[in-house]
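**Q** Below is the file model16.txt, with compact mmCIF, C-alpha atoms (C1' of nucleotides).
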```
# COMPACT_ATOMS: atom_id res chain seq x y z
CA MET K 253 -76.21 -22.38 7.33
CA ASN K 254 -74.08 -24.46 9.66
CA LEU K 255 -73.09 -27.94 10.70
CA SER K 256 -74.31 -30.00 13.62
CA PRO K 257 -71.72 -30.69 16.34
CA ALA K 258 -71.24 -34.32 15.35
CA VAL K 259 -70.84 -33.49 11.69
CA GLN K 260 -68.44 -30.72 12.56
CA LYS K 261 -66.34 -33.08 14.61
CA TYR K 262 -66.28 -35.59 11.79
CA VAL K 263 -65.28 -33.05 9.19
CA LEU K 264 -62.51 -31.54 11.30
CA HIS K 265 -61.09 -34.92 12.18
CA TRP K 266 -61.19 -36.03 8.58
CA GLY K 267 -59.31 -32.90 7.65
CA GLU K 268 -56.55 -33.59 10.11
CA MET K 269 -56.30 -37.19 9.02
CA GLY K 270 -56.24 -36.21 5.39
CA THR K 271 -52.71 -34.98 5.79
CA ARG K 272 -51.68 -38.46 6.92
CA TRP K 273 -53.34 -40.07 3.94
CA GLY K 274 -51.52 -38.09 1.32
CA THR K 275 -53.89 -35.23 0.68
CA ASN K 276 -54.35 -31.88 2.35
CA ARG K 277 -56.81 -30.72 4.93
CA THR K 278 -59.22 -28.90 2.67
CA VAL K 279 -59.55 -31.77 0.23
CA ALA K 280 -60.28 -34.17 3.05
CA GLN K 281 -62.73 -31.81 4.71
CA ILE K 282 -64.67 -31.32 1.53
CA GLN K 283 -64.78 -35.03 0.92
CA ALA K 284 -66.12 -35.55 4.42
CA LEU K 285 -68.67 -32.79 4.04
CA LEU K 286 -69.98 -34.12 0.76
CA TYR K 287 -70.00 -37.66 2.07
CA LEU K 288 -72.18 -36.63 4.98
CA SER K 289 -74.39 -34.27 3.08
CA PRO K 290 -77.77 -35.74 2.16
CA LYS K 291 -77.94 -33.47 -0.86
CA PRO K 292 -75.41 -32.12 -3.36
CA LEU K 293 -73.74 -28.83 -2.43
CA HIS K 294 -72.44 -26.03 -4.59
CA ALA K 295 -69.09 -24.36 -4.13
CA ASP K 296 -70.30 -21.35 -2.17
CA GLU K 297 -72.09 -23.52 0.34
CA ILE K 298 -68.82 -25.31 0.93
CA VAL K 299 -67.02 -21.98 1.34
CA ASP K 300 -69.59 -21.05 3.94
CA LEU K 301 -69.60 -24.27 5.86
CA LEU K 302 -65.84 -24.75 5.97
CA SER K 303 -64.67 -21.14 5.94
CA VAL K 304 -62.10 -21.60 3.22
CA ALA K 305 -61.36 -19.56 0.13
CA ARG K 306 -63.45 -20.04 -2.94
CA SER K 307 -60.36 -20.82 -4.98
CA ASN K 308 -59.32 -23.43 -2.53
CA VAL K 309 -62.65 -25.17 -2.93
CA SER K 310 -62.26 -25.11 -6.66
CA THR K 311 -58.84 -26.72 -6.59
CA SER K 312 -59.82 -29.29 -4.00
CA ILE K 313 -62.93 -30.38 -5.82
CA ARG K 314 -60.95 -30.76 -8.96
CA GLU K 315 -58.63 -33.10 -7.08
CA LEU K 316 -61.51 -35.10 -5.66
CA GLN K 317 -63.03 -35.41 -9.09
CA SER K 318 -59.76 -36.62 -10.53
CA TYR K 319 -59.76 -39.36 -7.92
CA GLY K 320 -63.30 -40.25 -8.86
CA LEU K 321 -64.53 -39.61 -5.34
CA VAL K 322 -66.82 -36.73 -6.20
CA LYS K 323 -69.06 -36.08 -9.14
CA MET K 324 -70.79 -33.02 -10.47
CA THR K 325 -74.53 -32.67 -10.81
CA HIS K 326 -76.86 -29.83 -11.72
CA ILE K 327 -80.17 -28.51 -10.57
CA LEU K 328 -82.82 -27.28 -12.97
CA GLY K 329 -82.75 -23.53 -13.37
CA ASP K 330 -79.47 -23.12 -11.53
CA ARG K 331 -76.27 -22.43 -13.39
CA ARG K 332 -73.99 -23.39 -10.54
CA ASP K 333 -72.17 -26.70 -10.30
CA TYR K 334 -73.31 -28.99 -7.53
CA PHE K 335 -71.18 -31.73 -6.10
CA GLU K 336 -71.82 -34.98 -4.34
CA SER K 337 -69.63 -37.74 -2.99
CA LEU K 338 -69.68 -41.41 -3.69
CA GLY K 339 -71.24 -42.71 -0.56
CA ASP K 340 -73.71 -45.50 -0.84
CA ASP K 341 -70.97 -48.08 -0.79
CA VAL K 342 -68.10 -47.21 1.51
CA TRP K 343 -66.13 -50.06 0.05
CA GLU K 344 -66.23 -48.43 -3.30
CA LEU K 345 -64.64 -45.37 -1.76
CA PHE K 346 -62.00 -47.59 -0.30
CA ARG K 347 -61.31 -49.17 -3.65
CA VAL K 348 -60.78 -45.80 -5.24
CA ILE K 349 -58.33 -44.82 -2.55
CA ILE K 350 -56.46 -48.09 -2.89
CA ALA K 351 -56.08 -47.45 -6.58
CA GLN K 352 -54.70 -43.99 -5.88
CA ARG K 353 -52.27 -45.31 -3.34
CA LYS K 354 -51.02 -47.98 -5.64
CA GLN K 355 -50.41 -45.46 -8.36
CA ARG K 356 -48.66 -42.93 -6.17
CA GLU K 357 -46.88 -45.10 -3.66
CA LEU K 358 -46.31 -48.45 -5.27
CA ASN K 359 -45.87 -48.07 -9.00
CA PRO K 360 -43.00 -45.57 -8.93
CA THR K 361 -41.13 -47.69 -6.40
CA LEU K 362 -41.78 -50.82 -8.38
CA SER K 363 -40.16 -49.43 -11.49
CA MET K 364 -37.29 -48.00 -9.49
CA LEU K 365 -36.67 -51.41 -7.98
CA GLN K 366 -36.72 -53.08 -11.36
CA LYS K 367 -34.11 -50.66 -12.66
CA CYS K 368 -31.97 -51.02 -9.54
CA ALA K 369 -32.13 -54.79 -9.63
CA MET K 370 -30.90 -54.79 -13.21
CA GLU K 371 -28.23 -52.23 -12.59
CA VAL K 372 -26.85 -53.62 -9.37
CA GLU K 373 -26.18 -56.97 -10.97
CA LYS K 374 -23.51 -55.35 -13.09
CA GLU K 375 -21.78 -53.80 -10.12
CA LYS K 376 -18.96 -56.14 -9.19
CA GLN K 377 -17.95 -54.16 -6.14
CA THR K 378 -21.40 -54.36 -4.56
CA ASP K 379 -21.89 -56.87 -1.79
CA LYS K 380 -23.91 -59.98 -2.39
CA VAL K 381 -26.18 -59.20 0.55
CA THR K 382 -27.09 -55.84 -0.94
CA LYS K 383 -28.02 -57.44 -4.24
CA GLU K 384 -30.12 -60.01 -2.50
CA ARG K 385 -31.99 -57.41 -0.50
CA ILE K 386 -32.85 -55.39 -3.55
CA THR K 387 -34.21 -58.52 -5.17
CA ASN K 388 -36.20 -59.40 -2.09
CA MET K 389 -37.72 -55.96 -1.96
CA LEU K 390 -38.56 -56.16 -5.64
CA ASN K 391 -40.32 -59.48 -5.19
CA PHE K 392 -42.21 -58.08 -2.28
CA PHE K 393 -43.43 -55.06 -4.19
CA GLU K 394 -44.45 -57.22 -7.10
CA THR K 395 -46.53 -59.39 -4.84
CA ILE K 396 -48.15 -56.46 -3.06
CA SER K 397 -48.83 -54.80 -6.36
CA ASP K 398 -50.61 -57.89 -7.57
CA TRP K 399 -52.57 -58.04 -4.38
CA TYR K 400 -53.76 -54.46 -4.77
CA GLU K 401 -55.02 -55.32 -8.20
CA GLN K 402 -56.86 -58.31 -6.86
CA ILE K 403 -58.64 -56.18 -4.32
CA GLN K 404 -59.79 -53.88 -7.08
CA GLU K 405 -61.58 -56.70 -8.78
CA ILE K 406 -63.30 -58.23 -5.79
CA PRO K 407 -66.91 -57.08 -5.42
CA THR K 408 -67.90 -55.57 -2.11
CA PRO K 409 -69.91 -58.44 -0.64
CA THR K 410 -67.16 -60.93 -1.42
CA LEU K 411 -64.55 -58.70 0.16
CA GLN K 412 -66.62 -58.48 3.29
CA LYS K 413 -66.99 -62.22 3.41
CA ILE K 414 -63.26 -62.74 3.02
CA ILE K 415 -62.42 -60.44 5.88
CA LYS K 416 -65.10 -61.95 8.06
CA LEU K 417 -63.82 -65.44 7.39
CA GLY K 418 -60.33 -64.18 7.97
CA ARG K 419 -58.58 -66.35 10.45
CA ARG K 420 -60.33 -69.46 9.23
CA ILE K 421 -58.79 -69.05 5.82
CA THR K 422 -55.38 -68.95 7.45
CA LYS K 423 -55.99 -72.23 9.17
CA VAL K 424 -57.22 -73.97 6.06
CA ILE K 425 -54.24 -72.84 4.08
CA ASN K 426 -51.79 -74.10 6.65
CA ARG K 427 -53.14 -77.60 6.42
CA MET R 51 -16.60 -43.91 1.48
CA ASN R 52 -19.45 -43.79 -1.01
CA LEU R 53 -22.42 -45.60 -2.49
CA SER R 54 -22.68 -47.48 -5.75
CA PRO R 55 -24.96 -45.89 -8.37
CA ALA R 56 -27.71 -48.45 -7.90
CA VAL R 57 -27.67 -48.13 -4.15
CA GLN R 58 -27.65 -44.37 -4.45
CA LYS R 59 -30.68 -44.46 -6.69
CA TYR R 60 -32.49 -46.74 -4.26
CA VAL R 61 -31.72 -44.57 -1.25
CA LEU R 62 -32.73 -41.35 -2.96
CA HIS R 63 -35.98 -42.81 -4.21
CA TRP R 64 -36.80 -44.25 -0.84
CA GLY R 65 -36.23 -40.85 0.66
CA GLU R 66 -38.68 -39.21 -1.70
CA MET R 67 -41.25 -41.89 -1.12
CA GLY R 68 -40.83 -41.67 2.61
CA THR R 69 -42.70 -38.40 2.64
CA ARG R 70 -45.68 -40.17 1.08
CA TRP R 71 -45.58 -42.88 3.69
CA GLY R 72 -45.82 -40.61 6.66
CA THR R 73 -42.20 -40.13 7.57
CA ASN R 74 -39.60 -37.66 6.40
CA ARG R 75 -36.88 -37.98 3.85
CA THR R 76 -33.97 -38.55 6.18
CA VAL R 77 -35.70 -41.28 8.14
CA ALA R 78 -36.56 -43.10 4.95
CA GLN R 79 -33.08 -42.67 3.50
CA ILE R 80 -31.45 -44.06 6.60
CA GLN R 81 -33.80 -47.00 6.64
CA ALA R 82 -32.94 -47.70 3.01
CA LEU R 83 -29.24 -47.35 3.65
CA LEU R 84 -29.28 -49.69 6.61
CA TYR R 85 -31.49 -52.14 4.79
CA LEU R 86 -29.03 -52.36 1.93
CA SER R 87 -25.90 -52.30 4.02
CA PRO R 88 -24.34 -55.74 4.50
CA LYS R 89 -22.89 -54.60 7.79
CA PRO R 90 -24.04 -52.33 10.61
CA LEU R 91 -23.14 -48.66 10.29
CA HIS R 92 -22.40 -46.06 12.92
CA ALA R 93 -23.84 -42.58 12.90
CA ASP R 94 -20.87 -40.82 11.35
CA GLU R 95 -20.81 -43.19 8.45
CA ILE R 96 -24.42 -42.33 7.79
CA VAL R 97 -23.61 -38.63 8.00
CA ASP R 98 -20.91 -39.20 5.42
CA LEU R 99 -22.92 -41.30 3.05
CA LEU R 100 -26.08 -39.22 3.09
CA SER R 101 -24.62 -35.76 3.75
CA VAL R 102 -27.00 -34.86 6.53
CA ALA R 103 -26.39 -33.32 9.91
CA ARG R 104 -25.27 -35.51 12.76
CA SER R 105 -28.21 -34.44 14.87
CA ASN R 106 -30.59 -35.32 12.11
CA VAL R 107 -29.20 -38.84 12.03
CA SER R 108 -29.64 -39.12 15.74
CA THR R 109 -33.27 -38.10 15.67
CA SER R 110 -34.08 -40.25 12.67
CA ILE R 111 -32.50 -43.35 14.09
CA ARG R 112 -34.41 -42.85 17.27
CA GLU R 113 -37.60 -42.79 15.24
CA LEU R 114 -36.66 -45.93 13.34
CA GLN R 115 -35.86 -47.69 16.57
CA SER R 116 -39.19 -46.71 18.03
CA TYR R 117 -40.85 -48.34 15.04
CA GLY R 118 -38.78 -51.44 15.60
CA LEU R 119 -37.26 -51.20 12.14
CA VAL R 120 -33.70 -50.67 13.27
CA LYS R 121 -31.73 -52.09 16.13
CA MET R 122 -28.50 -51.14 17.78
CA THR R 123 -25.43 -53.35 17.92
CA HIS R 124 -21.88 -52.88 19.09
CA ILE R 125 -18.44 -53.86 17.98
CA LEU R 126 -15.77 -55.00 20.37
CA GLY R 127 -13.42 -52.22 21.38
CA ASP R 128 -15.57 -49.52 19.81
CA ARG R 129 -17.69 -47.22 21.91
CA ARG R 130 -19.87 -46.02 19.09
CA ASP R 131 -23.36 -47.30 18.49
CA TYR R 132 -23.82 -49.30 15.34
CA PHE R 133 -27.16 -49.75 13.64
CA GLU R 134 -28.68 -52.32 11.38
CA SER R 135 -32.05 -52.76 9.78
CA LEU R 136 -34.43 -55.62 9.93
CA GLY R 137 -33.91 -57.15 6.57
CA ASP R 138 -33.88 -60.88 6.30
CA ASP R 139 -37.65 -61.03 6.04
CA VAL R 140 -39.13 -58.16 4.07
CA TRP R 141 -42.56 -59.26 5.20
CA GLU R 142 -41.60 -58.62 8.75
CA LEU R 143 -40.74 -55.05 7.77
CA PHE R 144 -44.10 -54.77 6.16
CA ARG R 145 -45.83 -56.02 9.26
CA VAL R 146 -44.13 -53.40 11.38
CA ILE R 147 -45.22 -50.67 9.01
CA ILE R 148 -48.79 -51.97 8.95
CA ALA R 149 -48.87 -51.78 12.73
CA GLN R 150 -47.65 -48.19 12.61
CA ARG R 151 -50.22 -47.23 10.07
CA LYS R 152 -53.02 -48.77 12.00
CA GLN R 153 -52.01 -46.89 15.07
CA ARG R 154 -51.59 -43.55 13.39
CA GLU R 155 -54.20 -43.65 10.66
CA LEU R 156 -56.90 -45.99 11.81
CA ASN R 157 -57.21 -45.96 15.58
CA PRO R 158 -57.80 -42.23 16.04
CA THR R 159 -60.44 -42.23 13.34
CA LEU R 160 -62.09 -45.29 14.77
CA SER R 161 -62.61 -43.65 18.13
CA MET R 162 -63.76 -40.42 16.53
CA LEU R 163 -66.34 -42.36 14.55
CA GLN R 164 -67.58 -44.12 17.63
CA LYS R 165 -68.09 -40.82 19.39
CA CYS R 166 -69.75 -39.24 16.38
CA ALA R 167 -72.08 -42.16 15.88
CA MET R 168 -73.22 -41.91 19.47
CA GLU R 169 -73.57 -38.17 19.39
CA VAL R 170 -75.33 -37.83 16.07
CA GLU R 171 -78.11 -40.13 17.16
CA LYS R 172 -79.21 -37.52 19.66
CA GLU R 173 -79.34 -34.79 17.04
CA LYS R 174 -82.93 -34.54 15.92
CA GLN R 175 -82.22 -31.97 13.24
CA THR R 176 -79.64 -34.14 11.48
CA ASP R 177 -80.71 -35.92 8.34
CA LYS R 178 -81.23 -39.66 8.36
CA VAL R 179 -78.82 -40.12 5.47
CA THR R 180 -76.06 -38.41 7.41
CA LYS R 181 -76.58 -40.69 10.37
CA GLU R 182 -76.53 -43.72 8.15
CA ARG R 183 -73.34 -42.70 6.49
CA ILE R 184 -71.55 -42.20 9.76
CA THR R 185 -72.64 -45.66 10.82
CA ASN R 186 -71.51 -47.14 7.53
CA MET R 187 -68.12 -45.53 7.86
CA LEU R 188 -67.81 -46.78 11.41
CA ASN R 189 -68.60 -50.33 10.38
CA PHE R 190 -66.09 -50.06 7.63
CA PHE R 191 -63.33 -48.88 9.92
CA GLU R 192 -64.10 -51.60 12.39
CA THR R 193 -63.79 -54.23 9.72
CA ILE R 194 -60.56 -52.81 8.33
CA SER R 195 -59.16 -52.52 11.79
CA ASP R 196 -59.85 -56.15 12.43
CA TRP R 197 -58.29 -57.04 9.13
CA TYR R 198 -55.09 -55.19 10.00
CA GLU R 199 -54.87 -57.17 13.19
CA GLN R 200 -55.33 -60.41 11.33
CA ILE R 201 -52.45 -59.58 9.04
CA GLN R 202 -50.24 -59.02 12.03
CA GLU R 203 -50.80 -62.54 13.19
CA ILE R 204 -50.32 -64.37 9.93
CA PRO R 205 -46.81 -65.78 9.54
CA THR R 206 -44.89 -64.83 6.44
CA PRO R 207 -45.15 -68.07 4.48
CA THR R 208 -48.90 -68.26 5.02
CA LEU R 209 -49.34 -64.68 3.92
CA GLN R 210 -47.44 -65.39 0.74
CA LYS R 211 -49.59 -68.40 0.07
CA ILE R 212 -52.77 -66.44 0.56
CA ILE R 213 -51.77 -63.78 -1.90
CA LYS R 214 -50.57 -66.33 -4.41
CA LEU R 215 -53.85 -68.17 -4.18
CA GLY R 216 -55.64 -64.88 -4.39
CA ARG R 217 -58.25 -65.03 -7.06
CA ARG R 218 -58.99 -68.66 -6.39
CA ILE R 219 -60.08 -67.86 -2.86
CA THR R 220 -62.52 -65.33 -4.25
CA LYS R 221 -64.09 -67.93 -6.48
CA VAL R 222 -64.45 -70.47 -3.71
CA ILE R 223 -66.10 -67.97 -1.44
CA ASN R 224 -68.63 -66.96 -4.03
CA ARG R 225 -69.87 -70.49 -4.40
C1' DT D 259 -12.93 -38.04 39.48
C1' DC D 260 -11.50 -36.13 35.19
C1' DT D 261 -11.28 -36.19 30.23
C1' DA D 262 -12.44 -37.07 25.68
C1' DA D 263 -15.47 -39.20 22.63
C1' DA D 264 -20.15 -39.91 21.40
C1' DT D 265 -24.79 -38.68 21.48
C1' DT D 266 -28.80 -35.80 22.25
C1' DT D 267 -31.23 -31.54 22.91
C1' DC D 268 -32.38 -27.05 21.53
C1' DA D 269 -32.97 -22.83 19.06
C1' DG D 270 -32.71 -20.68 14.84
C1' DT D 271 -33.22 -21.24 9.55
C1' DT D 272 -34.82 -23.06 5.59
C1' DT D 273 -37.97 -25.25 2.70
C1' DC D 274 -42.23 -26.45 0.81
C1' DA D 275 -46.96 -27.15 0.43
C1' DA D 276 -51.41 -25.14 1.60
C1' DC D 277 -54.06 -21.31 1.31
C1' DA D 278 -56.17 -16.56 0.47
C1' DG D 279 -57.38 -12.95 -2.47
C1' DA D 280 -57.16 -10.76 -6.79
C1' DA D 281 -57.23 -11.02 -11.53
C1' DA D 282 -58.52 -13.56 -15.58
C1' DT D 283 -61.26 -16.63 -18.03
C1' DG D 284 -65.44 -18.91 -19.37
C1' DA D 285 -70.48 -19.61 -19.98
C1' DG D 286 -75.17 -18.61 -20.20
C1' DT D 287 -78.77 -14.88 -20.88
C1' DG D 288 -81.19 -10.74 -22.35
C1' DC X 246 -72.79 -8.69 -28.52
C1' DA X 247 -72.45 -7.00 -23.92
C1' DC X 248 -73.40 -8.07 -19.26
C1' DT X 249 -73.50 -10.87 -15.23
C1' DC X 250 -72.72 -14.76 -12.65
C1' DA X 251 -69.73 -18.70 -11.89
C1' DT X 252 -65.34 -20.86 -11.99
C1' DT X 253 -60.43 -21.19 -12.53
C1' DT X 254 -55.70 -19.56 -12.64
C1' DC X 255 -52.08 -17.06 -10.68
C1' DT X 256 -49.16 -14.75 -7.29
C1' DG X 257 -47.82 -13.66 -2.86
C1' DT X 258 -48.26 -15.06 2.12
C1' DT X 259 -48.39 -18.08 5.84
C1' DG X 260 -47.53 -21.95 8.73
C1' DA X 261 -45.62 -26.27 9.82
C1' DA X 262 -42.21 -29.52 9.61
C1' DA X 263 -37.43 -30.77 8.35
C1' DC X 264 -33.00 -29.75 8.98
C1' DT X 265 -28.58 -27.58 10.61
C1' DG X 266 -25.04 -26.32 13.86
C1' DA X 267 -23.91 -25.23 18.38
C1' DA X 268 -24.36 -26.11 23.06
C1' DA X 269 -25.41 -29.40 26.64
C1' DT X 270 -25.44 -33.92 28.29
C1' DT X 271 -24.14 -38.54 28.73
C1' DT X 272 -20.90 -42.39 28.80
C1' DA X 273 -16.68 -45.09 29.04
C1' DG X 274 -12.15 -45.43 30.23
C1' DA X 275 -7.80 -43.73 32.51
```
Produce structure tokens that represent the structure in this file.

**A**
Amino acid sequence: MNLSPAVQKYVLHWGEMGTRWGTNRTVAQIQALLYLSPKPLHADEIVDLLSVARSNVSTSIRELQSYGLVKMTHILGDRRDYFESLGDDVWELFRVIIAQRKQRELNPTLSMLQKCAMEVEKEKQTDKVTKERITNMLNFFETISDWYEQIQEIPTPTLQKIIKLGRRITKVINR
Amino acid sequence: MNLSPAVQKYVLHWGEMGTRWGTNRTVAQIQALLYLSPKPLHADEIVDLLSVARSNVSTSIRELQSYGLVKMTHILGDRRDYFESLGDDVWELFRVIIAQRKQRELNPTLSMLQKCAMEVEKEKQTDKVTKERITNMLNFFETISDWYEQIQEIPTPTLQKIIKLGRRITKVINR
DNA sequence: TCTAAATTTCAGTTTCAACAGAAATGAGTG
DNA sequence: CACTCATTTCTGTTGAAACTGAAATTTAGA
């Protein structure tokens, strides 16, 4: 049981990148592996293919499931849990990740900014510029937050069209 | 020399978040501090306000400068370097960060995918589904990459308009 | 050119998350 | 109800990056 060179390269790269996307190597590697696998895998196969501890696989899969990126299936006459990745629509994957990012990176900051904006108004000694900048940042995060939500709602084909149109939209809007 | 409660809260939060955005705490804290500061600060002031080592400030500022988020200024009759953040246009900040992300998160993966897509085609033993999924992912990254570049070019007011219009654009496109 | 202030580099330490392996728990079967 | 296979939880270890403080370097002015 082993991986083809190209698949191996993919999985390793994904693992390295994972750390830059807010998860850890193993989680990213497993996601990659399941994404590329034509059939569901069970935990021990993953242990084999990636050479990581069984417990590590367990924890990582749990994380992937919590993100909604991986789901469990079963095979008749086999007690073990099998896992497969979302994969038919890459954009759906993307949407899930966007949602995660919003929740972990945007929402906490948004509420912090709201509190700060309130609080700083009461501070007489604080410079006007500082107050303004907090407000600006708050407005920005509110807008971005809204935009993330919009992306969630847009169905894949529409999203593709929008990006393809891209620069044309810009021109129309500037008229 | 000290920070108001609201500013303190902002800076601390920014520091924590920084780790999730691909930098470290100190870099993020300094960025926050400079962003909120109505006047440029020199390194020792930052040391004071954030209670970090002088060398740490030096390294962090260097990083911020390399991103283009912070620039150096001077004051007449003072040898020390003063620093200030981009700040008048939050969207400009955002654009800088987007560019960084693209470079660090997207580009390497894009070229990996290109290589893998080439390579996997030659692998007879590899499943058709696997090949397809690599291609899908490649297409996806190419599209996103293009989209990042588009955002770079769009001037702030236009970008704001686009997001405000948002859902309406979707509807028009689906007609 | 020399000195003092300012900055950067470097080496050692600290911290924290990822991970392995063992122990514990749970679930299906005879 | 016991036994076995599968999964999860827990604890200690490891490794990588952040950070400190000291030493080295650079820079501006006398």

**Q** Select all residues from chain D having any atom no more than 12 Å from an atom of chain R (counting all atoms listed in the file, ignoring ligands), output as a list in words.

**A**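 Going by the stated atoms only, the list reads DA263, DA264, DT265, DT266, DT267 and DC268 of chain D.
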
**Q** Counting all atoms listed in the file, write as a PDB file with C-alpha atoms, in the frame of the given file all protein and nucleic acid residues lying at most 10 Å from (-24.5, -49.5, 2.1) in the file's frame.

**A**
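For reference, point-v6.pdb as written:
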```
ATOM      1  CA  THR K 378     -21.400 -54.360  -4.560  1.00  0.00           C
ATOM      2  CA  ASP K 379     -21.890 -56.870  -1.790  1.00  0.00           C
ATOM      3  CA  VAL K 381     -26.180 -59.200   0.550  1.00  0.00           C
ATOM      4  CA  THR K 382     -27.090 -55.840  -0.940  1.00  0.00           C
TER       5      THR K 382
ATOM      6  CA  MET R  51     -16.600 -43.910   1.480  1.00  0.00           C
ATOM      7  CA  ASN R  52     -19.450 -43.790  -1.010  1.00  0.00           C
ATOM      8  CA  LEU R  53     -22.420 -45.600  -2.490  1.00  0.00           C
ATOM      9  CA  SER R  54     -22.680 -47.480  -5.750  1.00  0.00           C
ATOM     10  CA  VAL R  57     -27.670 -48.130  -4.150  1.00  0.00           C
ATOM     11  CA  GLN R  58     -27.650 -44.370  -4.450  1.00  0.00           C
ATOM     12  CA  VAL R  61     -31.720 -44.570  -1.250  1.00  0.00           C
ATOM     13  CA  ILE R  80     -31.450 -44.060   6.600  1.00  0.00           C
ATOM     14  CA  ALA R  82     -32.940 -47.700   3.010  1.00  0.00           C
ATOM     15  CA  LEU R  83     -29.240 -47.350   3.650  1.00  0.00           C
ATOM     16  CA  LEU R  84     -29.280 -49.690   6.610  1.00  0.00           C
ATOM     17  CA  TYR R  85     -31.490 -52.140   4.790  1.00  0.00           C
ATOM     18  CA  LEU R  86     -29.030 -52.360   1.930  1.00  0.00           C
ATOM     19  CA  SER R  87     -25.900 -52.300   4.020  1.00  0.00           C
ATOM     20  CA  PRO R  88     -24.340 -55.740   4.500  1.00  0.00           C
ATOM     21  CA  LYS R  89     -22.890 -54.600   7.790  1.00  0.00           C
ATOM     22  CA  PRO R  90     -24.040 -52.330  10.610  1.00  0.00           C
ATOM     23  CA  LEU R  91     -23.140 -48.660  10.290  1.00  0.00           C
ATOM     24  CA  GLU R  95     -20.810 -43.190   8.450  1.00  0.00           C
ATOM     25  CA  ILE R  96     -24.420 -42.330   7.790  1.00  0.00           C
ATOM     26  CA  LEU R  99     -22.920 -41.300   3.050  1.00  0.00           C
TER      27      LEU R  99
END
```

**Q** Which neighbours of DA263 in chain X fall inside 12 Å, counting all atoms listed in the file, when residues of the same chain fewer than 2 positions from it are skipped, and could you give them as a list in words?

**A**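 Within the cut-off, the hits are Thr69, Thr73, Asn74, Arg75, Thr76, Val77, Val102, Ala103, Ser105, Asn106, Thr109 and Ser110 of chain R; DT271, DT272, DT273 and DC274 of chain D; DA261 and DT265 of chain X.
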
**Q** Find the residue from R:Val107, R:Leu160, R:Lys178, R:Phe190 that sits nearest to chain X; use all atoms listed in the file when measuring.

**A**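 Using all atoms listed in the file, chain X sits closest to R:Val107.
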
**Q** Can you check which residues of chain X have any atom within 9 Å of chain K? Use all atoms listed in the file and format it as JSON, numbers by chain.

**A** {"X": [250, 251, 252, 253]}

**Q** Find the distance between C1' of DT254 in chain X and CA of His294 in chain K and write it in Å to one decimal.

**A** 19.7 Å

**Q** Kindly determine which residues of chain R lie within 8 Å of chain K, considering all atoms listed in the file, and give the answer as a PyMOL selection string.

**A** chain R and resi 54+56-57+59-60+63-64+67+70-72+85-88+137-138+140-141+155+159+162-163+166-167+169-170+173+176-177+179-180+183-184+186-187+190+193+197+200+204+208+211-213+216-217+220+223-224

**Q** What gap, in Å, lies between C1' of DA285 in chain D and CA of Ser303 in chain K?

**A**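 Interatomic distance, C1' of DA285 in chain D to CA of Ser303 in chain K: 26.6 Å.
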
**Q** Rounded to one decimal, what separation in Å do you get between CA of Ser135 in chain R and CA of Leu119 in chain R?

**A**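 So the two atoms, CA of Ser135 in chain R and CA of Leu119 in chain R, lie 5.9 Å apart.
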